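Dropping structure-v2.tsv in here (TSV, C-alpha atoms and all ligand atoms):
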```
chain	number	residue	atom	x	y	z
A	187	MET	CA	178.70	-19.31	-61.20
A	188	LYS	CA	177.08	-16.40	-63.07
A	189	ILE	CA	176.04	-18.44	-66.12
A	190	LYS	CA	174.32	-21.05	-63.98
A	191	ASN	CA	172.51	-18.36	-61.99
A	192	ALA	CA	171.28	-16.80	-65.20
A	193	LEU	CA	169.90	-20.13	-66.34
A	194	ASN	CA	168.10	-20.59	-63.08
A	195	SER	CA	166.64	-17.13	-62.76
A	196	CYS	CA	164.87	-16.64	-66.09
A	197	GLU	CA	166.86	-13.60	-67.11
A	198	LYS	CA	168.72	-12.58	-70.21
A	199	TYR	CA	172.47	-12.67	-69.68
A	200	THR	CA	175.23	-11.96	-72.14
A	201	PHE	CA	178.01	-14.34	-71.22
A	202	SER	CA	180.33	-13.95	-74.14
A	203	GLN	CA	180.68	-11.73	-77.17
A	204	ASN	CA	181.75	-14.77	-79.12
A	205	TYR	CA	179.19	-17.30	-78.15
A	206	GLY	CA	175.87	-15.58	-77.63
A	207	ILE	CA	173.11	-14.99	-75.20
A	208	ILE	CA	171.36	-17.33	-72.84
A	209	LYS	CA	167.69	-16.52	-72.86
A	210	THR	CA	165.21	-18.26	-70.66
A	211	THR	CA	161.46	-18.09	-70.87
A	212	ARG	CA	158.84	-19.96	-68.91
A	213	GLU	CA	158.65	-22.49	-71.76
A	214	LYS	CA	162.27	-23.12	-72.57
A	215	ARG	CA	165.91	-22.29	-72.12
A	216	VAL	CA	167.86	-21.57	-75.24
A	217	LEU	CA	171.27	-20.41	-76.26
A	218	GLN	CA	170.74	-17.73	-78.89
A	219	VAL	CA	173.84	-17.78	-80.92
A	220	LYS	CA	175.79	-14.64	-81.79
A	221	GLY	CA	174.33	-12.51	-84.54
A	222	ALA	CA	171.03	-14.33	-84.52
A	223	GLU	CA	169.03	-11.42	-83.14
A	224	GLU	CA	170.43	-9.07	-85.73
A	225	LYS	CA	169.07	-11.17	-88.59
A	226	ALA	CA	165.52	-9.88	-88.88
A	227	GLY	CA	162.93	-12.52	-88.37
A	228	ILE	CA	165.34	-15.40	-88.03
A	229	ILE	CA	165.65	-16.85	-84.56
A	230	MET	CA	168.52	-19.27	-84.34
A	231	GLU	CA	168.56	-21.19	-81.13
A	232	ILE	CA	170.41	-24.13	-79.68
A	233	ASN	CA	168.41	-25.76	-76.89
A	234	ILE	CA	170.01	-25.63	-73.48
A	235	ASP	CA	168.67	-28.31	-71.16
A	236	ARG	CA	171.32	-28.04	-68.50
A	237	ALA	CA	173.57	-25.23	-67.33
A	238	SER	CA	176.55	-27.38	-68.29
A	239	ASP	CA	175.43	-27.17	-71.96
A	240	VAL	CA	176.77	-23.62	-72.06
A	241	ASP	CA	180.23	-24.83	-71.12
A	242	SER	CA	179.79	-27.68	-73.61
A	243	TRP	CA	179.10	-25.23	-76.43
A	244	LYS	CA	182.31	-23.32	-75.68
A	245	GLU	CA	184.29	-26.52	-75.33
A	246	VAL	CA	182.91	-28.01	-78.54
A	247	MET	CA	183.87	-24.88	-80.48
A	248	LEU	CA	187.36	-24.95	-78.95
A	249	ILE	CA	187.77	-28.59	-80.04
A	250	TYR	CA	186.60	-27.93	-83.62
A	251	ASN	CA	188.99	-24.97	-83.83
A	252	SER	CA	191.86	-27.16	-82.62
A	253	ALA	CA	190.99	-29.88	-85.16
A	254	LEU	CA	191.02	-27.26	-87.93
A	255	LYS	CA	194.45	-26.01	-86.85
A	256	GLN	CA	195.84	-29.55	-86.80
A	257	VAL	CA	194.59	-30.45	-90.27
A	258	GLU	CA	195.74	-27.11	-91.67
A	259	THR	CA	199.22	-27.62	-90.22
A	260	LYS	CA	199.40	-31.15	-91.62
A	261	LEU	CA	198.51	-29.86	-95.09
A	262	GLU	CA	201.14	-27.11	-94.87
A	263	VAL	CA	203.79	-29.64	-93.82
A	264	LEU	CA	202.85	-31.98	-96.69
A	265	ASN	CA	202.98	-29.09	-99.15
A	266	ASP	CA	206.39	-27.95	-97.89
A	267	GLU	CA	207.75	-31.49	-98.06
A	268	PHE	CA	206.40	-31.92	-101.59
A	269	GLN	CA	208.08	-28.67	-102.60
A	270	HIS	CA	211.34	-29.87	-101.03
A	271	VAL	CA	211.30	-33.26	-102.79
A	272	HIS	CA	209.67	-32.42	-106.14
A	273	ARG	CA	210.30	-28.67	-106.39
A	274	TYR	CA	206.61	-28.15	-106.89
A	275	ASN	CA	203.61	-27.13	-104.71
A	276	PRO	CA	200.43	-29.15	-105.23
A	277	ILE	CA	198.54	-26.72	-102.97
A	278	GLU	CA	197.92	-23.15	-104.15
A	279	HIS	CA	196.29	-22.02	-100.91
A	280	ILE	CA	194.17	-23.19	-97.99
A	281	LYS	CA	191.07	-21.59	-96.46
A	282	SER	CA	189.47	-22.72	-93.25
A	283	ARG	CA	186.33	-21.80	-91.38
A	284	ILE	CA	184.07	-22.84	-88.55
A	285	LYS	CA	180.49	-23.17	-89.78
A	286	THR	CA	178.33	-20.32	-88.49
A	287	SER	CA	175.84	-21.21	-85.81
A	288	GLU	CA	173.06	-20.07	-88.16
A	289	SER	CA	174.21	-22.57	-90.81
A	290	ILE	CA	174.53	-25.35	-88.23
A	291	VAL	CA	170.95	-24.82	-87.05
A	292	LYS	CA	169.69	-24.53	-90.65
A	293	LYS	CA	171.36	-27.84	-91.60
A	294	LEU	CA	169.94	-29.60	-88.52
A	295	LYS	CA	166.46	-28.32	-89.34
A	296	LYS	CA	166.80	-29.30	-93.01
A	297	ASN	CA	167.67	-32.85	-91.99
A	298	GLY	CA	164.87	-33.04	-89.40
A	299	TYR	CA	166.97	-32.84	-86.25
A	300	GLU	CA	166.30	-30.77	-83.17
A	301	SER	CA	168.93	-28.06	-82.57
A	302	THR	CA	170.91	-29.57	-79.74
A	303	ILE	CA	174.64	-29.70	-79.17
A	304	SER	CA	174.73	-33.50	-79.31
A	305	ASN	CA	172.79	-33.54	-82.62
A	306	MET	CA	175.17	-31.00	-84.11
A	307	ILE	CA	178.20	-33.10	-83.15
A	308	GLN	CA	176.58	-36.27	-84.44
A	309	HIS	CA	174.88	-35.08	-87.60
A	310	VAL	CA	176.70	-32.00	-88.92
A	311	ASN	CA	179.91	-33.19	-90.54
A	312	ASP	CA	181.24	-29.85	-91.73
A	313	ILE	CA	181.32	-27.72	-88.57
A	314	ALA	CA	185.09	-27.56	-89.08
A	315	GLY	CA	185.80	-27.08	-92.78
A	316	ILE	CA	188.98	-26.72	-94.79
A	317	ARG	CA	189.14	-25.87	-98.46
A	318	VAL	CA	192.31	-26.81	-100.30
A	319	ILE	CA	192.82	-25.06	-103.62
A	320	CYS	CA	195.09	-26.72	-106.17
A	321	SER	CA	196.31	-25.65	-109.60
A	322	PHE	CA	195.56	-28.87	-111.44
A	323	THR	CA	193.01	-31.69	-111.16
A	324	SER	CA	195.81	-34.26	-110.74
A	325	ASP	CA	196.98	-32.34	-107.63
A	326	ILE	CA	193.57	-32.89	-106.02
A	327	TYR	CA	194.00	-36.67	-106.01
A	328	ARG	CA	197.65	-36.30	-104.95
A	329	VAL	CA	196.61	-34.22	-101.92
A	330	ALA	CA	193.74	-36.63	-101.10
A	331	ASP	CA	196.21	-39.55	-101.14
A	332	MET	CA	198.65	-37.70	-98.89
A	333	ILE	CA	195.83	-37.02	-96.40
A	334	SER	CA	194.68	-40.66	-96.49
A	335	ASN	CA	198.22	-41.82	-95.72
A	336	GLN	CA	198.38	-39.88	-92.44
A	337	LYS	CA	198.29	-42.48	-89.65
A	338	ASP	CA	196.25	-40.43	-87.18
A	339	ILE	CA	193.62	-39.40	-89.72
A	340	LYS	CA	190.65	-41.70	-90.24
A	341	ILE	CA	188.67	-41.27	-93.45
A	342	ILE	CA	184.94	-41.35	-92.66
A	343	SER	CA	183.62	-40.70	-96.17
A	344	VAL	CA	184.63	-39.45	-99.59
A	345	LYS	CA	182.45	-37.76	-102.22
A	346	ASP	CA	184.10	-37.37	-105.59
A	347	TYR	CA	182.10	-34.65	-107.32
A	348	ILE	CA	184.88	-34.39	-109.92
A	349	THR	CA	184.33	-37.84	-111.38
A	350	HIS	CA	180.59	-37.46	-110.66
A	351	PRO	CA	179.69	-33.74	-110.79
A	352	LYS	CA	176.39	-32.56	-109.26
A	353	ALA	CA	173.48	-31.73	-111.61
A	354	SER	CA	174.19	-28.04	-110.89
A	355	GLY	CA	177.66	-28.48	-112.42
A	356	TYR	CA	179.40	-28.42	-109.00
A	357	LYS	CA	182.81	-30.11	-108.98
A	358	SER	CA	184.95	-30.70	-105.90
A	359	TYR	CA	186.47	-33.59	-103.94
A	360	HIS	CA	185.06	-33.91	-100.41
A	361	MET	CA	186.49	-35.91	-97.52
A	362	ILE	CA	185.08	-36.17	-94.03
A	363	VAL	CA	187.97	-37.14	-91.78
A	364	MET	CA	188.32	-37.80	-88.07
A	365	ILE	CA	191.34	-36.44	-86.22
A	366	PRO	CA	192.22	-36.85	-82.53
A	367	VAL	CA	192.36	-33.61	-80.53
A	368	TYR	CA	194.48	-34.07	-77.41
A	369	LEU	CA	193.13	-32.17	-74.40
A	370	SER	CA	194.77	-32.16	-70.96
A	371	ASP	CA	192.65	-35.01	-69.65
A	372	ARG	CA	191.26	-36.82	-72.73
A	373	THR	CA	191.39	-37.24	-76.46
A	374	VAL	CA	188.43	-36.22	-78.61
A	375	ASP	CA	188.08	-37.67	-82.11
A	376	THR	CA	186.78	-34.75	-84.16
A	377	LYS	CA	185.28	-34.55	-87.66
A	378	VAL	CA	186.66	-32.14	-90.23
A	379	GLU	CA	185.38	-31.70	-93.78
A	380	ILE	CA	188.09	-31.20	-96.38
A	381	GLN	CA	187.02	-29.85	-99.78
A	382	ILE	CA	189.71	-30.08	-102.46
A	383	ARG	CA	189.25	-28.35	-105.82
A	384	THR	CA	191.09	-26.40	-108.50
A	385	VAL	CA	191.24	-22.59	-108.65
A	386	ALA	CA	188.77	-22.67	-111.55
A	387	MET	CA	186.34	-25.02	-109.73
A	388	ASP	CA	186.55	-22.75	-106.68
A	389	PHE	CA	185.80	-19.66	-108.76
A	390	TRP	CA	182.71	-21.38	-110.18
A	391	ALA	CA	181.54	-22.67	-106.78
A	392	SER	CA	181.83	-19.25	-105.11
A	393	LEU	CA	179.70	-17.59	-107.77
A	394	GLU	CA	177.16	-20.42	-107.79
A	395	HIS	CA	176.96	-20.28	-103.97
A	396	LYS	CA	176.20	-16.53	-104.11
A	397	ILE	CA	173.53	-17.06	-106.78
A	398	HIS	CA	172.04	-19.97	-104.81
A	399	TYR	CA	171.64	-17.76	-101.73
A	400	LYS	CA	170.43	-14.74	-103.69
A	401	PHE	CA	167.56	-16.74	-105.21
A	402	GLU	CA	167.11	-18.92	-102.10
A	403	GLY	CA	167.75	-22.04	-104.14
A	404	ASN	CA	165.30	-21.11	-106.92
A	405	ALA	CA	167.45	-19.39	-109.52
A	406	PRO	CA	165.79	-18.77	-112.92
A	407	GLU	CA	166.31	-21.63	-115.44
A	408	LYS	CA	168.31	-19.32	-117.73
A	409	ILE	CA	170.85	-18.63	-114.97
A	410	LYS	CA	171.01	-22.33	-114.01
A	411	ASN	CA	171.70	-23.27	-117.63
A	412	GLU	CA	174.36	-20.61	-117.96
A	413	LEU	CA	176.01	-21.91	-114.80
A	414	ILE	CA	176.07	-25.42	-116.28
A	415	GLU	CA	177.66	-23.97	-119.42
A	416	CYS	CA	180.28	-22.23	-117.26
A	417	ALA	CA	180.92	-25.49	-115.37
A	418	ASN	CA	181.65	-27.20	-118.70
A	419	MET	CA	184.01	-24.36	-119.62
A	420	VAL	CA	185.75	-24.77	-116.24
A	421	SER	CA	186.24	-28.51	-116.93
A	422	ASP	CA	187.66	-27.75	-120.39
A	423	LEU	CA	189.96	-25.07	-118.95
A	424	ASP	CA	191.20	-27.43	-116.20
A	425	ALA	CA	191.89	-30.18	-118.75
A	426	LYS	CA	193.72	-27.77	-121.09
A	427	MET	CA	195.83	-26.26	-118.29
A	428	LEU	CA	196.79	-29.75	-117.07
A	429	SER	CA	197.88	-30.94	-120.53
A	430	LEU	CA	199.78	-27.69	-121.11
A	431	ASN	CA	201.56	-28.10	-117.79
A	432	GLU	CA	202.49	-31.70	-118.63
A	433	GLU	CA	203.85	-30.60	-122.01
A	434	ILE	CA	205.99	-27.93	-120.34
A	435	ARG	CA	207.34	-30.44	-117.82
A	436	ALA	CA	208.17	-32.95	-120.55
A	437	ILE	CA	210.10	-30.26	-122.45
A	438	SER	CA	212.00	-29.18	-119.29
A	439	GLU	CA	212.96	-32.79	-118.56
A	440	ARG	CA	214.27	-33.29	-122.11
A	441	VAL	CA	216.34	-30.11	-121.83
A	442	ARG	CA	217.88	-31.18	-118.48
A	501	LIG	P1	177.64	-24.06	-96.84
A	501	LIG	O1	176.81	-22.84	-96.77
A	501	LIG	O2	178.73	-23.95	-97.88
A	501	LIG	O3	178.19	-24.52	-95.53
A	501	LIG	P2	177.11	-34.11	-95.39
A	501	LIG	O4	177.94	-32.88	-95.04
A	501	LIG	O5	177.92	-35.18	-96.07
A	501	LIG	O6	176.33	-34.61	-94.22
A	501	LIG	P3	175.98	-32.57	-97.51
A	501	LIG	O7	175.95	-31.22	-96.88
A	501	LIG	O8	174.88	-32.83	-98.51
A	501	LIG	O9	175.96	-33.69	-96.41
A	501	LIG	O10	177.38	-32.83	-98.17
A	501	LIG	P4	178.02	-32.34	-99.50
A	501	LIG	O11	177.19	-32.64	-100.70
A	501	LIG	O12	179.39	-32.96	-99.47
A	501	LIG	O13	178.07	-30.75	-99.37
A	501	LIG	C1	178.84	-30.15	-98.38
A	501	LIG	C2	179.24	-28.76	-98.79
A	501	LIG	O14	179.74	-28.77	-100.14
A	501	LIG	C3	178.13	-27.74	-98.81
A	501	LIG	O15	177.91	-27.26	-97.52
A	501	LIG	C4	178.74	-26.68	-99.75
A	501	LIG	O16	179.74	-25.93	-99.09
A	501	LIG	C5	179.41	-27.55	-100.78
A	501	LIG	N1	178.47	-27.84	-101.89
A	501	LIG	C6	177.78	-28.98	-102.11
A	501	LIG	N2	177.05	-28.89	-103.21
A	501	LIG	C7	177.26	-27.65	-103.72
A	501	LIG	C8	176.79	-26.97	-104.91
A	501	LIG	O17	176.00	-27.48	-105.71
A	501	LIG	N3	177.27	-25.70	-105.10
A	501	LIG	C9	178.15	-25.09	-104.24
A	501	LIG	N4	178.56	-23.87	-104.52
A	501	LIG	N5	178.60	-25.72	-103.12
A	501	LIG	C10	178.17	-26.98	-102.87
A	501	LIG	P5	176.50	-26.65	-97.10
A	501	LIG	O18	176.33	-26.85	-95.65
A	501	LIG	O19	175.41	-27.20	-97.97
A	501	LIG	O20	176.63	-25.15	-97.40
```

Kindly return the structure encoded in the file as structure tokens.
Ligand code: 0O2
Amino acid sequence: MKIKNALNSCEKYTFSQNYGIIKTTREKRVLQVKGAEEKAGIIMEINIDRASDVDSWKEVMLIYNSALKQVETKLEVLNDEFQHVHRYNPIEHIKSRIKTSESIVKKLKKNGYESTISNMIQHVNDIAGIRVICSFTSDIYRVADMISNQKDIKIISVKDYITHPKASGYKSYHMIVMIPVYLSDRTVDTKVEIQIRTVAMDFWASLEHKIHYKFEGNAPEKIKNELIECANMVSDLDAKMLSLNEEIRAISERVR
């Protein structure tokens, strides 16, 4: 097999546009993940100890992708059913992504783990991530309940940054869930991170995320304070929109 030969013969071999380059030196064998070489000065590597690790990397990514599809479909079904029964959609829209290899390696390093495939499976909970955007705060808890009630989904952990916002002002509801992915010869329980938040919370988080990266985590105090002010405005807006919506519903029910 070409990939195995490449690993054994200390040469550089591009084995897939999507997955990266195997590079071997006298000291080590690494899988340099796609895009890594283009990012000046940043070498992102996943250690490859055995030739079979290359196949593992591809398989792991296939499994995370499948888990994402399954959770996304479940959420769409729940939303459609809710619309059918209550004539109302708790979910505005859904975004999903597989964490970039650069981010995976960064997170492993930050938490003091070596960049290996087994460490990434064990210690990075958000390789497969879904973001569910709702109109109102009450919808967030409704969606979280619907997810928890799914028999084949196991809830690993919940972080309620809505009841307990982060010091930055960040608000969102996070669930790490485990879902079985059925392959031809086995079933793999796979972790997916689900972030549920309102449109307004999402707007705030996207801007804050950009600022965080721009200043590499050290934004000027003035900007940090303004972001906290904006987070408070977002909370006020969410509360106002929810009460307005409830008022409108109460009026419509009286009219009926
Ligand atoms: P990125 O670049 O978005 O992927 P755990 O996953 O539980 O092992 P972690 O990462 O501390 O540990 O969990 P947490 O706090 O639930 O955060 C997970 C993700 O939530 C982050 O992923 C962000 O996407 C988002 N998040 C958390 N805090 C903030 C914040 O203050 N501002 C914004 N904008 N997003 C936040 P990553 O991997 O850190 O980043």

At most 9 Å from ligand LIG 501 (chain A) (only C-alpha atoms and all ligand atoms): residue list as a PyMOL selection string: chain A and resi 285-286+289-290+292-293+309-313+315+343-347+351-362+379+381+388+390-399

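The interatomic distance for the pair atom CA of A:Pro276 and atom CA of A:Cys320 works out to 5.9 Å.
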
All residues 12 Å or closer to A:Ser421, all atoms listed in the file, same chain fewer than 2 positions away omitted, as a compact mmCIF listing (two decimals) with C-alpha atoms, in the coordinates of the input:
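Writing done, so here's result_12.txt:
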```
# COMPACT_ATOMS: atom_id res chain seq x y z
CA PHE A 322 195.56 -28.87 -111.44
CA THR A 323 193.01 -31.69 -111.16
CA ILE A 348 184.88 -34.39 -109.92
CA THR A 349 184.33 -37.84 -111.38
CA PRO A 351 179.69 -33.74 -110.79
CA GLY A 355 177.66 -28.48 -112.42
CA TYR A 356 179.40 -28.42 -109.00
CA LYS A 357 182.81 -30.11 -108.98
CA SER A 358 184.95 -30.70 -105.90
CA ARG A 383 189.25 -28.35 -105.82
CA THR A 384 191.09 -26.40 -108.50
CA VAL A 385 191.24 -22.59 -108.65
CA ALA A 386 188.77 -22.67 -111.55
CA MET A 387 186.34 -25.02 -109.73
CA ASP A 388 186.55 -22.75 -106.68
CA TRP A 390 182.71 -21.38 -110.18
CA ILE A 414 176.07 -25.42 -116.28
CA GLU A 415 177.66 -23.97 -119.42
CA CYS A 416 180.28 -22.23 -117.26
CA ALA A 417 180.92 -25.49 -115.37
CA ASN A 418 181.65 -27.20 -118.70
CA MET A 419 184.01 -24.36 -119.62
CA LEU A 423 189.96 -25.07 -118.95
CA ASP A 424 191.20 -27.43 -116.20
CA ALA A 425 191.89 -30.18 -118.75
CA LYS A 426 193.72 -27.77 -121.09
CA MET A 427 195.83 -26.26 -118.29
CA LEU A 428 196.79 -29.75 -117.07
```

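Residue nearest A:Ala330, chosen from A:Thr373, A:Ile380, A:Ile365, A:Arg283 and counting all atoms listed in the file: A:Ile380.
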
Kindly indicate which residue among A:Asn305, A:Asn297, A:Asn431, A:Ser282 lies nearest to A:Leu254, using all atoms listed in the file for the distances.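 For A:Leu254, the nearest of the given residues is A:Ser282.
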
Could you tell me which of A:Arg328, A:Arg440, A:Arg317, A:Lys337 comes closest to A:His279 if we count only C-alpha atoms?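 Among the listed residues, A:Arg317 lies closest to A:His279.
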
How many Å lie between atom CA of A:Ile316 and atom CA of A:Val367, rounded to one decimal? 16.2 Å

Using atom CA of A:Ser324 and atom CA of A:Ile409 as the two end points, give the distance in Å to one decimal.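 One can read the atom CA of A:Ser324 to atom CA of A:Ile409 distance as 29.8 Å.
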
If you take every atom of stretch 284-301 of chain A that the file lists and fit an axis-aligned box around them with 5 Å extra on each side, what centre and edge lengths come out in Å to one decimal, as JSON?
```
{"center_x": 174.5, "center_y": -26.6, "center_z": -87.8, "size_x": 29.2, "size_y": 23.0, "size_z": 20.4}
```

Can you work out which one of A:His270, A:Lys260, A:Lys244, A:Lys281 has the shortest atom-to-atom distance to A:Ile303, counting only C-alpha atoms?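 Among the listed residues, the smallest separation from A:Ile303 belongs to A:Lys244.
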
Would you mind telling me which residue in A:Met306, A:Val318, A:Leu264, A:Ile249 lies nearest to A:Glu288 when using only C-alpha atoms?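 That would be A:Met306, the residue with the smallest distance to A:Glu288.
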